[in-house]
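Written below as structure tokens is the structure these notes are about.
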Amino acid sequence: MIRLLAGELRADGQSWAGLVLVAAVAGTALGIGASFLETGIHAGGEMGTGISGVSSMILIFSGVSAVGVTSAVARLAVDLGRAGYARWQLNGVAPRQVGGVVLAQVIVLGLAGAALGYAGTVMLAPHALEVAFEGSSGGFAEVTVVVGPITAVVVGAGVVVIALLGGLPAAGRAARTPALEALRESEPRGASMRWWRWALFALLTAGAVAAVQSWMSLAAVATAQDRNTLISQTPLIAPLLTLVIVAGGPVLYAPLLRAWTALLPARASSSWYLARHQARYHLGRSTASITPLFTGTALLGGLYTVTTIWGEAARVAGEPFEGLKLGQVLVLLGGPLLLAGTGAAVVVFMSNRTQAHEQALLSASGADGGVILRAAGLQALIHVITAALLSLVVITVTGALTVLMISPFYDAVPYRLDLGGSGILVAVGALLTAGAVFIPALKRLRTPVATALSEV
Amino acid sequence: MTPILQARSVTKSYSSGRTSTPVLRGIDLDVAAGEMISIVGPSGSGKSTLLYCLAGLERVDGGEVHLGDVAVHTASAAQLARLRRDRIGFVFQAYNLIPSLSVGENVALPARLARRARPDVLGALGAVGLAEHAGKRPGQLSGGQQQRVAVARVLAAQPSVLFADEPTGALDTAAGVAVLDLLRDYAHGERSVVLVTHDLDAAARADRTIVLRDGAVVAALTRPTAAEILTAQHSAGRSTGSPVAAGPLA
């Protein structure tokens, strides 16, 4: 069985390398938060409380992003190996063993990513602390970062559990699907969630509703003493909403994607027709492409919107307001944004083989290079726009809730959405994704169709 | 009769590291308009490679292939794409249907790509006995059904030359005969069919049969019976003579 596991890892190296890379970035992002926590515990006193306070925010932002991106990539990695698992079954490996081997693969690679993430934490945590407390008084600059057992446990357990969130259901599916069906259908059909994912989604939704209700109740009877408590909770709105949407991703993304792409009729062009069909059919790939960009833009836009509304209210009231410093943004969102970029690139890289197959099939059907390239570009655009729409929902609701929460403390709280940062991220994401799709597609056009068909 | 498809001294090798294995060794072949040609030979004789080279799906190493006024051997990628879209239809051994499109959409795709009017999809699917499966995905069909959809897709596109690589390989006898009837009927007027097959009864439905061995044409038979093809294959196996040119139907 170990030989089978190792052989499969070698054969599908491209997919698994992508998972390791994403797990490593997620591990680093979580590790920096955990190392701050560990440093705070070691430092103790007021300084320790301050550092730990920052660590909890980093862990929340990085955790949400890591859950979304890593689990989606793990799920995609397993789904891409579907045909391989079917062949195992045809060669006599029992379905339960298939599930076991897939699970072992996810755990081994999650641990490998976690180890790299821990190494990344050792390298980056001191710089992160420096940036986070730049210009602060109170001796923060003299603190030595501790990257020890707490960090190791958070990184190791965190990354493996998050990878299993995506890998576990995919492994179960790989074991349950009859081999011949898996060989006939290259990807699992339809958007579905297992009972436990539904339970998680319901639990998170209920938690979000309860949190919002408690904030609103507190805001309704708020006194001046409650002001700092409520205001300090506002940056949590966007991560909370993002987490809820990520948890329900498999059943939320597909209807949204279907609904907005239906606005432009299929007869608009052959490329649009093909792109729309492919984005709707390859839901695993679509989900994995949408999630990184969605989490990145939602967290960034949410944080900026909260700060903008808060700043505007303070400005109207004539109170001083510093706003977000670049260092703070980098420490809070550096990990999630890096994870968003890495996740988006890795999904394109991992899907290269299936995209090559689709391209060869289209060429064989008579599609010319222009149609193929436009279809690939439009498919990337569909993912980017879907991610942008989802993050717009998060940012809009975050803005509305922020207004409600801080209204008791200011005479006027204007509703403002700060979409600048998210807009730039969406534009950069669109450019990078389109580039990552275009360049290999262009290269593949040089391969004769028969060769391309036989290679995949 | 003017050939619609001409191949002259076609050679093709596959390289693996420093080793180059010749697959086609100077093939000459003419296909006339309205003609159905079958290509037979043992596994590894170069049948599928020849079909790919004739259809422009694979580049030849040497020699020339002309499809009407288009020099396939020197055509650009864009010209080849136009050729596939407008004049060539290919039934692959592995079906190669687009999994994200329904069966009906697969059949209509070549016309959509060529911006032609939507073909009679249900009629084409009905001809292969699959009209009721138009809304299903290819992955929901059996191998034999997918094979028939691939045939319907090509028939609906109405190409000048229809290439078929083992189109009855996954079919039961009755379905195989029905598909061969369709291919046979298709080859008339300006439309030709080039068929690669292991099935000698299928090969015998063609106007001419080309026997390949080790990448060379070793026999060219006009309206042969299955027994004659078998004999030609066996005697070619024993023969060490020169390759035979496969000219157009007299």
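Simple scheme: letters A, B, ... for chains in structure tokens order, numbers from 1 for residues in each chain, numbers from 1 for ligands in the order shown.
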Using only C-alpha atoms, find each residue in chain A having at least one atom no more than 6 Å away from chain B; report its shortest atom-to-atom pair and that distance in Å (one decimal), rows by chain then rising number, as CSV.
residue,atom,partner,partner_atom,distance
A:Arg184,CA,B:Gly139,CA,4.9
A:Glu185,CA,B:Gly139,CA,4.7
A:His277,CA,B:Ser100,CA,6.0
A:Gln278,CA,B:Ser100,CA,5.6
A:Tyr281,CA,B:Ser100,CA,5.3
A:Ser365,CA,B:Pro110,CA,5.9
A:Gly366,CA,B:Arg85,CA,4.0
A:Asp368,CA,B:Ala81,CA,4.9
A:Pro448,CA,B:Glu58,CA,5.3
A:Val449,CA,B:Leu57,CA,5.0
A:Ala450,CA,B:Leu57,CA,5.1
Next, the residues of the selection above should be written as a PDB file, in the first residue's frame with C-alpha atoms.
ATOM      1  CA  ARG A 184     -16.454   7.681 -17.836  1.00  0.00           C
ATOM      2  CA  GLU A 185     -16.934  10.959 -15.929  1.00  0.00           C
ATOM      3  CA  HIS A 277     -20.262  25.365 -20.171  1.00  0.00           C
ATOM      4  CA  GLN A 278     -16.788  24.524 -18.910  1.00  0.00           C
ATOM      5  CA  TYR A 281     -19.313  21.678 -15.571  1.00  0.00           C
ATOM      6  CA  SER A 365     -13.976  19.393 -32.954  1.00  0.00           C
ATOM      7  CA  GLY A 366     -12.825  22.185 -35.240  1.00  0.00           C
ATOM      8  CA  ASP A 368      -9.505  27.373 -34.016  1.00  0.00           C
ATOM      9  CA  PRO A 448      -0.529  18.498 -33.212  1.00  0.00           C
ATOM     10  CA  VAL A 449      -4.054  17.510 -32.171  1.00  0.00           C
ATOM     11  CA  ALA A 450      -3.411  13.750 -32.324  1.00  0.00           C
TER      12      ALA A 450
END
*Pick out each residue of segment 128-231 of chain B that DSSP on the backbone tags as alpha helix (DSSP H); I need them as a count of residues only.*
39
*Pick out the residues sitting within 9 Å of Pro126 of chain A, and hand them over as a PyMOL selection string; count only C-alpha atoms, and ignore anything fewer than 5 positions along from it in its own chain.*
chain A and resi 32+121+131+144-146
_Show me, as a ChimeraX atom specification, the residues that have an atom within 9 Å of Ala128 of chain A when counting only C-alpha atoms, minus same-chain residues fewer than 2 positions from it._
/A:32,124-126,130-133,327,330-331
Write out, as a PDB file, in the first residue's frame, the residues just selected, with C-alpha atoms.
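Writing the result to result_7.pdb gives the following:
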ATOM      1  CA  ILE A  32       3.104  33.928  12.208  1.00  0.00           C
ATOM      2  CA  LEU A 124       9.403  35.635   8.630  1.00  0.00           C
ATOM      3  CA  ALA A 125       7.953  35.985  12.135  1.00  0.00           C
ATOM      4  CA  PRO A 126      10.709  38.345  13.468  1.00  0.00           C
ATOM      5  CA  GLU A 130       8.923  44.412  13.631  1.00  0.00           C
ATOM      6  CA  VAL A 131       6.447  45.615  10.996  1.00  0.00           C
ATOM      7  CA  ALA A 132       3.412  45.120  13.248  1.00  0.00           C
ATOM      8  CA  PHE A 133       4.737  47.274  16.049  1.00  0.00           C
ATOM      9  CA  GLY A 327       2.419  47.668   8.298  1.00  0.00           C
ATOM     10  CA  LEU A 330       0.604  43.708   5.797  1.00  0.00           C
ATOM     11  CA  VAL A 331       0.670  41.800   9.065  1.00  0.00           C
TER      12      VAL A 331
END
*Got a sec: who's within 6 Å of segment 42-47 of chain B, counting only C-alpha atoms, leaving out chain neighbours fewer than 4 positions off, as a PyMOL selection string?*
chain B and resi 23+212-215
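You will find atom CA of Thr209 of chain B at 28.1 Å from atom CA of Gly129 of chain B.
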_Quick one: residues within 12 Å of Glu322 of chain A, only C-alpha atoms, excluding same-chain residues fewer than 3 positions away - as a list of chain:residue names?_
A:Thr307, A:Thr308, A:Trp310, A:Gly311, A:Glu312, A:Ala314, A:Arg315, A:Glu319, A:Lys325, A:Leu326, A:Gln328
Could those residues be written to a file, using N, CA and C atoms, as a PDB file, in the first residue's frame?
ATOM      1  N   THR A 307     -12.750  50.319   8.313  1.00  0.00           N
ATOM      2  CA  THR A 307     -11.886  51.447   8.684  1.00  0.00           C
ATOM      3  C   THR A 307     -12.398  52.751   8.077  1.00  0.00           C
ATOM      4  N   THR A 308     -12.861  52.694   6.845  1.00  0.00           N
ATOM      5  CA  THR A 308     -13.343  53.907   6.173  1.00  0.00           C
ATOM      6  C   THR A 308     -14.585  54.458   6.886  1.00  0.00           C
ATOM      7  N   TRP A 310     -15.583  53.913   9.932  1.00  0.00           N
ATOM      8  CA  TRP A 310     -15.167  54.346  11.259  1.00  0.00           C
ATOM      9  C   TRP A 310     -14.461  55.713  11.154  1.00  0.00           C
ATOM     10  N   GLY A 311     -13.565  55.819  10.188  1.00  0.00           N
ATOM     11  CA  GLY A 311     -12.816  57.076   9.986  1.00  0.00           C
ATOM     12  C   GLY A 311     -13.728  58.228   9.610  1.00  0.00           C
ATOM     13  N   GLU A 312     -14.716  57.960   8.729  1.00  0.00           N
ATOM     14  CA  GLU A 312     -15.659  59.000   8.294  1.00  0.00           C
ATOM     15  C   GLU A 312     -16.482  59.498   9.483  1.00  0.00           C
ATOM     16  N   ALA A 314     -15.630  59.367  12.610  1.00  0.00           N
ATOM     17  CA  ALA A 314     -14.747  60.131  13.498  1.00  0.00           C
ATOM     18  C   ALA A 314     -14.501  61.523  12.917  1.00  0.00           C
ATOM     19  N   ARG A 315     -14.335  61.587  11.605  1.00  0.00           N
ATOM     20  CA  ARG A 315     -14.066  62.875  10.949  1.00  0.00           C
ATOM     21  C   ARG A 315     -15.250  63.824  11.142  1.00  0.00           C
ATOM     22  N   GLU A 319     -13.251  63.919  15.684  1.00  0.00           N
ATOM     23  CA  GLU A 319     -12.308  63.158  16.514  1.00  0.00           C
ATOM     24  C   GLU A 319     -11.086  62.774  15.683  1.00  0.00           C
ATOM     25  N   LYS A 325      -2.436  51.535   9.125  1.00  0.00           N
ATOM     26  CA  LYS A 325      -1.073  51.729   8.630  1.00  0.00           C
ATOM     27  C   LYS A 325      -0.746  50.554   7.709  1.00  0.00           C
ATOM     28  N   LEU A 326       0.131  50.814   6.754  1.00  0.00           N
ATOM     29  CA  LEU A 326       0.487  49.769   5.789  1.00  0.00           C
ATOM     30  C   LEU A 326       1.032  48.530   6.507  1.00  0.00           C
ATOM     31  N   GLN A 328       0.305  47.420   9.456  1.00  0.00           N
ATOM     32  CA  GLN A 328      -0.793  46.650  10.069  1.00  0.00           C
ATOM     33  C   GLN A 328      -1.512  45.805   9.012  1.00  0.00           C
TER      34      GLN A 328
END
_as a VMD selection string, please: the residues near Ala436 of chain A (cut-off 10 Å, only C-alpha atoms, same-chain neighbours under 5 positions excluded)._
chain A and resid 344 to 349 352 377 380 430 to 431 441
